[in-house]
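**Q** This is the structure I have questions about; it appears just below.
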Amino acid sequence: MRDMNEEAAANAGQRADAGRSTAEAIEQGGSGLGVSELLALVMTADPAGPEPAPGDSGTAPVAGPDAPLLDLDGLADAIAVAAGRYLPQGHLDADADFFDAGGSSVHAVELAAELERDLGVELDLDDVFADARPSSLARRWLERGGHPVPLPAPRTAAVAELLPAPARAVLPAPAPAGLPAWSPRPERPAPVTTLPLPDLADDPHGTARREDLDQILADLALADRLPFLRSPEPLPPRRILLTGATGFLGSHMLLDLLRHSDAHVYCLVRGADEEAATARLAAQLRTYRLPWNAEVRRRVTVLPGDIRRPRLGLSDELWHTLAHELDSVVGVAAAVDFLRGYQSLRASNVLGTLTLAELAATGRPKPLHHISSIAVFNEVGISSMGEDDPFAHVDRLVAGYDQSKWAAEAALRRARDHGLIVSALRPGGIGGHTKTGAYNPQDLSSGLISAFGRFRTVPAFRYLNAAPVDWVSRVAVAVVCEPDAWGFDYNLTGVPNTLDDVVRDMAFGGMHVRVEDWDEWRTDTLARLEAEPVPELAFLARVLQSPTALKLCEATLKGPAASAERTDALVDALGLTPAARYDAQAQLKTFEKLAGDGLARLPRKEDQPYLWFAETTEGLVRRTGDTTQTPCSMALTLSIASMYQLVKERRVDVSGEITCPAVHAEPLTVVHGDLWVRPEEGIPQQHGLKHQLLRYRLRLRDADGQLWWLEGHKYARARRDLWRQTRALTIELGREGEPATFTGEVVVPADSYVRDQIDGIKVAPHLTGQEKRAAKLTWLAWFGLEMGRGLAGPFARAAADLLDLRRTPNPTERHR
């Protein structure tokens, strides 16, 4: 039997490794689809499904008429055996959470299909995500009228051999006097009071919701087991424990702690040993474009451990060493999944937080800085989200993530009554880094922004409370390092974006969007994702199909703006960068990276132009080495696909024709053309008094199919003929691959300049009248500013030379 168990575990480990890449790709996925539909999405990753257990024929079992029936405990054990086949260790206890044990969303889909196929237990994926303990799944099935399940005959022997032996009751290890001790999975104590519950009689998940609320009350009571403490010394920390350093926010906070303090940072990282944990941390930092070098390594100690385990999975000796030597505890680690239920998230998000509170209260008193979330306010209809405002009513929070963040912060409020100094830091949406573009691919805000840009639609909303990760991290670290800031609540939400802000930002980038009702937008986005699958947005599709996650999205989009007076005051007092709206400019790098990774779509040259106008020129050219001049004219169309194109590339697209009889009797057609505005950005060319205003580069084809090139320049000089400088273009023209054959100058006629390039501006017809006017004004303001800068440059240089009154140094001074 031992060999069979070892073989089963080995097979399970191989299957887990084989499916890990697929699992990670949709790890934040959810439910709402039928099991068969979701299973179809992942069968390509493992078409054969899990290998049969020892003794399994691999065919669907058929129970005999005398097959024994599985009661609650037996069914829970059978589900645990089935679930274990999807885990690296090959087994799962009946009271253990499937996801905490290493299961993924892909595995959850396959498990649900297997339970329906082999045991006749029909559970939707919301059930699995809500509470993935086999004992809970079995109880839920039976409570809903599911009949006792006959043990499948072909697998009876195998199942009986693989069923785990009944677990012995294990009492918590005795703790030093005055200190709490609890297991991350304690027996559920009877609550001392009850919450006023809504009428759940017609709610198919009503029983589960009552269980969640009872569990929340029991978890809150755990904070009362903390000892009463004295205040810590108000000194900047020198030794800090940081959890969540491999996550998006935690990794940036690690580097900010090193940059803005002298502290040594102890990072709790999951891993088999220190070497594996260190490698994992280094890999994650590089993923987010953060350094991992000798200096960083010198000031970081990696501790292999797990936030979900008693005493963080550390040895008693190490636990007590940290308790007496640390100056600060910073808790960033959390399971961020909008589809899993409270029971599935509590080990990471609630009990893990209480374990950190235990560490902060053990030995020398230490402040605890807890990364919470404005999800604690995520109730539909809540009126305000101020730093000191009441939380949402927990019985009105639907998503397990919201409930778990609410419970963690509520428990820490009780811990404050024991003297523990707790700072609660509440980000909203955490956007990408404004300088590097690094972003969290599994963050809901990243998925929404990607969908906005890809499909050019946005759902109607009130506010988006989001801020870039570099600002959130910097302010959070300032709280950790400034003793006067300890012990308060902070909303790290930046300046909220309104719907008009987002629409205007998208329009500025050439991505005009249509505003839709939330239900219409959701339906339209799901249809587009089905018609044009985007693997990187698969998790967003599952969120939009989960009833639980939809409630979370609805509360987020309809909620008020978060206010942050205390945070703003702290930022001002410390001289930090003030909060700013996470606008198009701040998102630029992130949006480029989203597009590069396949999530978003930037405007392209082949897209319908956003704005265009005509430019005609007339002039003379002469053949190289000849003084005879011949006429030459250009009829061009200048266009841009988006304002993003100007901001990023300072480039305009060019099309049209060149008429030059000396080159060819027929006009030459522009095959590809670009125009750059101030290409050298004011760098002088000749003696500091000649600056490039515009550069044209065209590829041409004549009527015979021969290819030509044209290079043109407009220059600014310190002369009075400014009007002509903006219209005169010096050109060179030659066959492709050969030197210039013709040179000359062409000029935009004065009477056509205003008519074509100002009054004649055309804008995409699908825009509204207001948007068309805004597009024209934006272009004219940008282009006018650039021309003004270019024309002023030579005069500024000439004035500087004229006013240089320094006397000429004598020969002795020259050689000093």
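Naming works like this for the structure tokens: A, B, ... for the chains as they're shown, residue 1 at the start of each chain, ligands 1 onward in shown order.
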Excluding region 308-314 of chain A and any residue of its chain fewer than 3 positions from it, enumerate the residues within 7 Å of it, using only C-alpha atoms, and give them as a ChimeraX atom specification.
**A** /A:183-184,305,318-319,347-348,351-352,355
**Q** Export, as a compact mmCIF listing (two decimals), in the first residue's frame, the selected residues with N, CA, C and O atoms.
**A**
# COMPACT_ATOMS: atom_id res chain seq x y z
N SER A 183 -3.97 27.75 15.99
CA SER A 183 -3.65 27.06 14.75
C SER A 183 -4.28 27.83 13.60
O SER A 183 -5.34 28.43 13.76
N PRO A 184 -3.67 27.83 12.44
CA PRO A 184 -4.31 28.49 11.31
C PRO A 184 -5.62 27.82 10.91
O PRO A 184 -6.39 28.37 10.17
N GLY A 305 9.21 30.35 4.78
CA GLY A 305 8.09 30.21 5.69
C GLY A 305 6.78 30.41 4.95
O GLY A 305 6.75 30.55 3.72
N LEU A 318 13.83 30.43 15.95
CA LEU A 318 13.85 31.59 15.06
C LEU A 318 12.69 32.54 15.40
O LEU A 318 12.84 33.76 15.37
N TRP A 319 11.55 31.98 15.72
CA TRP A 319 10.40 32.81 16.09
C TRP A 319 10.74 33.71 17.28
O TRP A 319 10.48 34.91 17.26
N ALA A 347 -7.24 31.64 5.87
CA ALA A 347 -5.91 31.24 6.37
C ALA A 347 -4.86 32.28 6.00
O ALA A 347 -4.02 32.64 6.83
N SER A 348 -4.90 32.76 4.78
CA SER A 348 -3.91 33.74 4.33
C SER A 348 -4.23 35.14 4.83
O SER A 348 -3.36 35.85 5.36
N LEU A 351 -6.10 34.75 9.40
CA LEU A 351 -5.27 34.08 10.40
C LEU A 351 -3.80 34.43 10.23
O LEU A 351 -3.07 34.55 11.22
N GLY A 352 -3.36 34.62 9.00
CA GLY A 352 -1.99 35.06 8.79
C GLY A 352 -1.74 36.43 9.39
O GLY A 352 -0.68 36.69 9.98
N THR A 355 -1.41 36.07 13.06
CA THR A 355 -0.10 35.53 13.42
C THR A 355 0.95 36.64 13.45
O THR A 355 1.83 36.67 14.32
**Q** Run DSSP on the backbone of this structure and report the residues of region 172-415 of chain A it assigns to alpha helix (DSSP H), as a PyMOL selection string.
**A** chain A and resi 206-222+248-259+274-287+294-298+316-325+342-346+352-361+400-415
**Q** Please list as a list in words every residue within 12 Å of Arg720 (chain A), counting only C-alpha atoms and excluding residues in the same chain fewer than 3 positions away.
**A**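 What passes the distance filter is Ala716, Arg717, Trp723, Arg724, Gln725, Thr726, Leu791, Ala792, Pro794 and Phe795 of chain A.
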**Q** Mind giving me the straight-line distance from CA of Leu70 (chain A) to CA of Gly120 (chain A) in Å, one decimal?
**A**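 One can read the CA of Leu70 (chain A) to CA of Gly120 (chain A) distance as 11.9 Å.
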**Q** So what do you get for CA of Thr246 (chain A) versus CA of Ala282 (chain A), distance-wise?
**A**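 Distance between the two atoms: 8.4 Å.
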**Q** When DSSP works through the backbone of this structure, what residues of region 290-340 of chain A end up as strand (DSSP E), shown as a PyMOL selection string?
**A** chain A and resi 300-304+328-331
**Q** Which neighbours of Gln706 (chain A) fall inside 10 Å, counting only C-alpha atoms, when residues of the same chain fewer than 4 positions from it are skipped, and could you give them as a ChimeraX atom specification?
**A** /A:668,700-702,735-736
**Q** Determine, counting only C-alpha atoms, which protein, DNA and RNA residues have an atom within 9 Å of an atom of region 625-633 of chain A; residues of the same chain fewer than 4 positions away are not included. Present the result as a VMD selection string.
**A** chain A and resid 616 to 621 657 to 662 744 to 747
**Q** Using N, CA and C atoms, can you export the residues from the last selection as an mmCIF file, in the first residue's frame?
**A**
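After the write, out_31.cif holds the following:
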data_model
loop_
_atom_site.group_PDB
_atom_site.id
_atom_site.type_symbol
_atom_site.label_atom_id
_atom_site.label_comp_id
_atom_site.auth_asym_id
_atom_site.auth_seq_id
_atom_site.Cartn_x
_atom_site.Cartn_y
_atom_site.Cartn_z
ATOM 1 N N THR A 616 0.143 71.385 -49.399
ATOM 2 C CA THR A 616 0.641 71.511 -50.769
ATOM 3 C C THR A 616 1.855 72.430 -50.768
ATOM 4 N N THR A 617 2.828 72.084 -51.576
ATOM 5 C CA THR A 617 4.044 72.915 -51.704
ATOM 6 C C THR A 617 4.398 73.080 -53.172
ATOM 7 N N GLU A 618 5.073 74.179 -53.483
ATOM 8 C CA GLU A 618 5.546 74.458 -54.837
ATOM 9 C C GLU A 618 6.959 74.998 -54.755
ATOM 10 N N GLY A 619 7.799 74.631 -55.744
ATOM 11 C CA GLY A 619 9.167 75.130 -55.726
ATOM 12 C C GLY A 619 9.964 74.657 -56.904
ATOM 13 N N LEU A 620 11.288 74.703 -56.763
ATOM 14 C CA LEU A 620 12.208 74.358 -57.847
ATOM 15 C C LEU A 620 13.276 73.410 -57.325
ATOM 16 N N VAL A 621 13.731 72.496 -58.193
ATOM 17 C CA VAL A 621 14.851 71.619 -57.876
ATOM 18 C C VAL A 621 15.811 71.632 -59.059
ATOM 19 N N GLU A 657 1.301 62.577 -53.278
ATOM 20 C CA GLU A 657 2.036 62.480 -54.542
ATOM 21 C C GLU A 657 3.056 63.612 -54.652
ATOM 22 N N ILE A 658 4.133 63.310 -55.418
ATOM 23 C CA ILE A 658 5.171 64.303 -55.747
ATOM 24 C C ILE A 658 5.183 64.459 -57.268
ATOM 25 N N THR A 659 5.051 65.682 -57.750
ATOM 26 C CA THR A 659 5.087 65.938 -59.195
ATOM 27 C C THR A 659 6.373 66.679 -59.523
ATOM 28 N N CYS A 660 7.232 66.012 -60.303
ATOM 29 C CA CYS A 660 8.535 66.592 -60.658
ATOM 30 C C CYS A 660 8.910 66.073 -62.052
ATOM 31 N N PRO A 661 8.607 66.844 -63.118
ATOM 32 C CA PRO A 661 8.854 66.372 -64.498
ATOM 33 C C PRO A 661 10.299 65.968 -64.769
ATOM 34 N N ALA A 662 11.235 66.579 -64.059
ATOM 35 C CA ALA A 662 12.632 66.204 -64.278
ATOM 36 C C ALA A 662 12.916 64.786 -63.796
ATOM 37 N N GLY A 744 16.755 71.014 -53.830
ATOM 38 C CA GLY A 744 16.032 72.255 -54.057
ATOM 39 C C GLY A 744 15.214 72.649 -52.851
ATOM 40 N N GLU A 745 14.248 73.552 -53.105
ATOM 41 C CA GLU A 745 13.408 74.033 -52.017
ATOM 42 C C GLU A 745 11.979 74.173 -52.523
ATOM 43 N N VAL A 746 11.040 73.725 -51.700
ATOM 44 C CA VAL A 746 9.620 73.917 -52.007
ATOM 45 C C VAL A 746 8.994 74.648 -50.818
ATOM 46 N N VAL A 747 7.938 75.415 -51.094
ATOM 47 C CA VAL A 747 7.339 76.270 -50.072
ATOM 48 C C VAL A 747 5.826 76.100 -50.097
#
**Q** Using only C-alpha atoms, which residue out of A:Thr498, A:Ala614, A:Gly447, A:Glu554 lies closest to Leu537 (chain A)?
**A**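 Among A:Thr498, A:Ala614, A:Gly447, A:Glu554, it is A:Gly447 that comes nearest to Leu537 (chain A).
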**Q** Find the residue from A:Leu258, A:Ala410, A:His252, A:Asp306 that sits nearest to Arg270 (chain A); use only C-alpha atoms when measuring.
**A**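 Looking at the shortest contact to Arg270 (chain A), the residue is A:Asp306.
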**Q** Report the closest atom pair, with its distance in Å rounded to one decimal, for each residue of region 553-641 of chain A that has an atom no farther than 12 Å from region 508-530 of chain A; count only C-alpha atoms, sort by chain and then rising residue number, and write it as a tab-separated table.
**A**
residue	atom	partner	partner_atom	distance
A:Cys553	CA	A:Trp518	CA	9.6
A:Glu554	CA	A:Trp518	CA	8.1
A:Ala555	CA	A:Trp518	CA	11.6
A:Thr556	CA	A:Trp518	CA	11.8
A:Leu557	CA	A:Trp518	CA	8.9
A:Lys558	CA	A:Trp518	CA	10.0
A:Asp583	CA	A:Phe508	CA	10.6
A:Ala584	CA	A:Gly509	CA	7.6
A:Gln585	CA	A:Gly509	CA	9.5
A:Gln587	CA	A:Gly509	CA	10.9
A:Leu588	CA	A:Gly509	CA	9.4
A:Phe591	CA	A:Gly509	CA	10.6
A:Glu592	CA	A:Gly509	CA	11.6
A:Leu599	CA	A:Leu529	CA	11.6
A:Ala600	CA	A:Met511	CA	11.4
A:Arg601	CA	A:Met511	CA	9.6
A:Leu602	CA	A:Met511	CA	8.2
A:Pro603	CA	A:Gly510	CA	6.8
A:Arg604	CA	A:Gly510	CA	9.9
A:Lys605	CA	A:Gly510	CA	11.5
A:Asp607	CA	A:Gly510	CA	10.2
A:Gln608	CA	A:Gly510	CA	10.2
A:Pro609	CA	A:Gly510	CA	9.0
A:Tyr610	CA	A:Gly510	CA	6.3
A:Leu611	CA	A:Gly510	CA	9.2
A:Ile640	CA	A:Gly510	CA	8.8
A:Ala641	CA	A:Gly510	CA	6.5
**Q** Which of these residues is nearest to Phe391 (chain A), using only C-alpha atoms: A:Asp721, A:Asp93, A:Asp262, A:Glu409?
**A** A:Glu409
